[in-house]
Amino acid sequence: EYGMRLQSIGPKLHTIYCSANTSTPFIYDIAKREGYITLFSEEFCYTGSPWVLQDNIFTVEADIMPHKIFCRLASHINPNINKNDLFKVAVESSAKYPCLSQSGFTGVEKQKVGLELVKEMWDAYTDIPKLAYLNAISAHSYDPDWSRTALGAEAYDVHFSQFLSDMLHHDDANNTILIVRSDHGFQGSDTATIDFSTQVEHRHPWTEIIVPNHFPIDRLILNSAKTVTSFDLYKTIVSLIP
């Protein structure tokens with residue numbers, strides 16, 4: 001959203017068109033202005049990462065920032081690494097070392113950290129509106145062993161299925177909207193090409209919106225058969241924030 005302008009990143013110039021008559025304030029700025037408590041989470045330490053918009057094109061200042069957990073873990077695994085290279089440690093170890101520990105095989109599973117924090121946020125702030133964003137890294141693998149990527153994705157399916165079940169049975173379920181979105185399938189290693197289905201999924205983005213039973217869905221149904229862009233999703237989310 002803050003990227004709706006000319007941005008210079010290193011030697012490259014990134015141009016994104018946005019009508020001069022359109023106002024696109026950052027969703028988190030809108031939510032904080034309306035009194036929401038906010039969470040923004042990546043499942044790796046993105047400090048110094050060239051692959052994300054936050055801290056490159058815009059700054060995220062959410063109330064809860066779980067990515068710092070992975071920054072501390074990366075520093076612990078490699079204490080001599082430059083802080084702007086921490087993302088390399090976290091991403092490279094995402095599939096190879098699935099747990100939050102120096103060995104990578106004990107403690108809490110990394111895939112559950114963000115999901116559990118979102119649920120705990122919903123439990124803790126029952127009387128305050130909430131906005132949470134969580135970007136999973138299960139489809140991003142930079143491990144040469146493709147089987148780790150496939151097993152990691154299968155494990156995430158289990159964790160995410162349980163998360164959805166818990167959220168749909170939560171006391172706030174009748175006032176909560178869940179947006180599940182993927183911009184691509186498997187990428188990295190040989191997993192992206194080992195099977196035809198993964199080749200199809202690799203360039204097959206999709207979006208699912210789960211709404212309460214009482215929510216008016218006529219417009220959503222009408223637009224479900226149309227090509228939808230991130231701009232449309234942005235407008236939808238903004239319209240849902242009181």
# chains A, B, ... in the order shown; residues from 1 in each chain; ligands from 1

call {"tool": "select_by_dssp", "arguments": {"residues": "segment 30-191 of chain A", "states": "strand (DSSP E)", "output": "PyMOL selection string"}}
result
chain A and resi 37-42+130-135+178-182

call {"tool": "closest_atom_pairs", "arguments": {"of": "segment 128-175 of chain A", "to": "segment 32-39 of chain A", "cutoff": "6 Å", "atoms": "only C-alpha atoms", "output": "tab-separated table"}}
result
residue	atom	partner	partner_atom	distance
A:Pro129	CA	A:Tyr36	CA	4.8
A:Lys130	CA	A:Ile37	CA	5.0
A:Leu131	CA	A:Thr38	CA	4.9
A:Ala132	CA	A:Leu39	CA	4.5

call {"tool": "residues_around", "arguments": {"residues": "segment 217-234 of chain A", "least_positions_apart": "5", "cutoff": "9 Å", "atoms": "only C-alpha atoms", "output": "PDB file with all heavy atoms, in the first residue's frame"}}
result
ATOM      1  N   GLU A   1       0.814  -1.192   0.000  1.00  0.00           N
ATOM      2  CA  GLU A   1       0.000   0.000   0.000  1.00  0.00           C
ATOM      3  C   GLU A   1       0.858   1.256   0.000  1.00  0.00           C
ATOM      4  O   GLU A   1       0.586   2.208  -0.719  1.00  0.00           O
ATOM      5  CB  GLU A   1      -0.939   0.005   1.217  1.00  0.00           C
ATOM      6  CG  GLU A   1      -2.051  -1.013   1.138  1.00  0.00           C
ATOM      7  CD  GLU A   1      -1.539  -2.420   1.357  1.00  0.00           C
ATOM      8  OE1 GLU A   1      -0.657  -2.606   2.227  1.00  0.00           O
ATOM      9  OE2 GLU A   1      -1.978  -3.338   0.640  1.00  0.00           O
ATOM     10  N   THR A  24      -4.597   5.705  -0.629  1.00  0.00           N
ATOM     11  CA  THR A  24      -4.348   4.334  -0.181  1.00  0.00           C
ATOM     12  C   THR A  24      -3.466   4.342   1.062  1.00  0.00           C
ATOM     13  O   THR A  24      -2.305   3.946   1.005  1.00  0.00           O
ATOM     14  CB  THR A  24      -3.686   3.500  -1.290  1.00  0.00           C
ATOM     15  OG1 THR A  24      -2.499   4.190  -1.735  1.00  0.00           O
ATOM     16  CG2 THR A  24      -4.613   3.288  -2.449  1.00  0.00           C
ATOM     17  N   ILE A  27      -2.929  -0.012   5.704  1.00  0.00           N
ATOM     18  CA  ILE A  27      -4.000  -0.631   6.486  1.00  0.00           C
ATOM     19  C   ILE A  27      -3.706  -0.564   7.982  1.00  0.00           C
ATOM     20  O   ILE A  27      -4.607  -0.315   8.798  1.00  0.00           O
ATOM     21  CB  ILE A  27      -4.219  -2.089   6.042  1.00  0.00           C
ATOM     22  CG1 ILE A  27      -4.878  -2.120   4.656  1.00  0.00           C
ATOM     23  CG2 ILE A  27      -5.065  -2.852   7.050  1.00  0.00           C
ATOM     24  CD1 ILE A  27      -5.051  -3.509   4.096  1.00  0.00           C
ATOM     25  N   THR A 207      -7.275 -16.831  -3.185  1.00  0.00           N
ATOM     26  CA  THR A 207      -7.720 -16.121  -1.987  1.00  0.00           C
ATOM     27  C   THR A 207      -9.042 -16.712  -1.516  1.00  0.00           C
ATOM     28  O   THR A 207      -9.953 -16.916  -2.315  1.00  0.00           O
ATOM     29  CB  THR A 207      -7.909 -14.614  -2.269  1.00  0.00           C
ATOM     30  OG1 THR A 207      -6.654 -14.046  -2.676  1.00  0.00           O
ATOM     31  CG2 THR A 207      -8.407 -13.886  -1.019  1.00  0.00           C
ATOM     32  N   ILE A 209     -11.989 -16.096   1.599  1.00  0.00           N
ATOM     33  CA  ILE A 209     -12.438 -15.226   2.674  1.00  0.00           C
ATOM     34  C   ILE A 209     -13.513 -15.955   3.471  1.00  0.00           C
ATOM     35  O   ILE A 209     -14.533 -16.370   2.916  1.00  0.00           O
ATOM     36  CB  ILE A 209     -12.991 -13.895   2.135  1.00  0.00           C
ATOM     37  CG1 ILE A 209     -11.914 -13.164   1.309  1.00  0.00           C
ATOM     38  CG2 ILE A 209     -13.476 -13.005   3.276  1.00  0.00           C
ATOM     39  CD1 ILE A 209     -12.381 -11.852   0.714  1.00  0.00           C
ATOM     40  N   VAL A 211     -16.216 -15.724   6.363  1.00  0.00           N
ATOM     41  CA  VAL A 211     -16.998 -14.698   7.068  1.00  0.00           C
ATOM     42  C   VAL A 211     -18.049 -15.358   7.954  1.00  0.00           C
ATOM     43  O   VAL A 211     -18.438 -16.510   7.724  1.00  0.00           O
ATOM     44  CB  VAL A 211     -17.680 -13.737   6.067  1.00  0.00           C
ATOM     45  CG1 VAL A 211     -16.653 -13.024   5.216  1.00  0.00           C
ATOM     46  CG2 VAL A 211     -18.675 -14.490   5.186  1.00  0.00           C
ATOM     47  N   SER A 239     -12.697  -1.458   3.976  1.00  0.00           N
ATOM     48  CA  SER A 239     -14.139  -1.251   4.175  1.00  0.00           C
ATOM     49  C   SER A 239     -14.663  -1.981   5.407  1.00  0.00           C
ATOM     50  O   SER A 239     -15.716  -1.632   5.944  1.00  0.00           O
ATOM     51  CB  SER A 239     -14.903  -1.721   2.940  1.00  0.00           C
ATOM     52  OG  SER A 239     -14.892  -3.149   2.834  1.00  0.00           O
TER      53      SER A 239
END

call {"tool": "atom_distance", "arguments": {"atom1": "atom CA of His67 of chain A", "atom2": "atom CA of Ser41 of chain A"}}
result
5.6 Å

call {"tool": "atom_distance", "arguments": {"atom1": "atom CA of His159 of chain A", "atom2": "atom CA of Thr126 of chain A"}}
result
23.2 Å

call {"tool": "atom_distance", "arguments": {"atom1": "atom CA of Arg72 of chain A", "atom2": "atom CA of Phe44 of chain A"}}
result
10.3 Å

call {"tool": "closest_residue", "arguments": {"among": "A:Asn175, A:Ala150, A:Pro216, A:Ser182", "to": "Thr198 of chain A", "atoms": "only C-alpha atoms"}}
result
A:Ala150

call {"tool": "residues_around", "arguments": {"residues": "Trp51 of chain A", "least_positions_apart": "5", "cutoff": "10 Å", "atoms": "only C-alpha atoms", "output": "list in words"}}
result
Tyr46, Asn56 and Phe87 of chain A
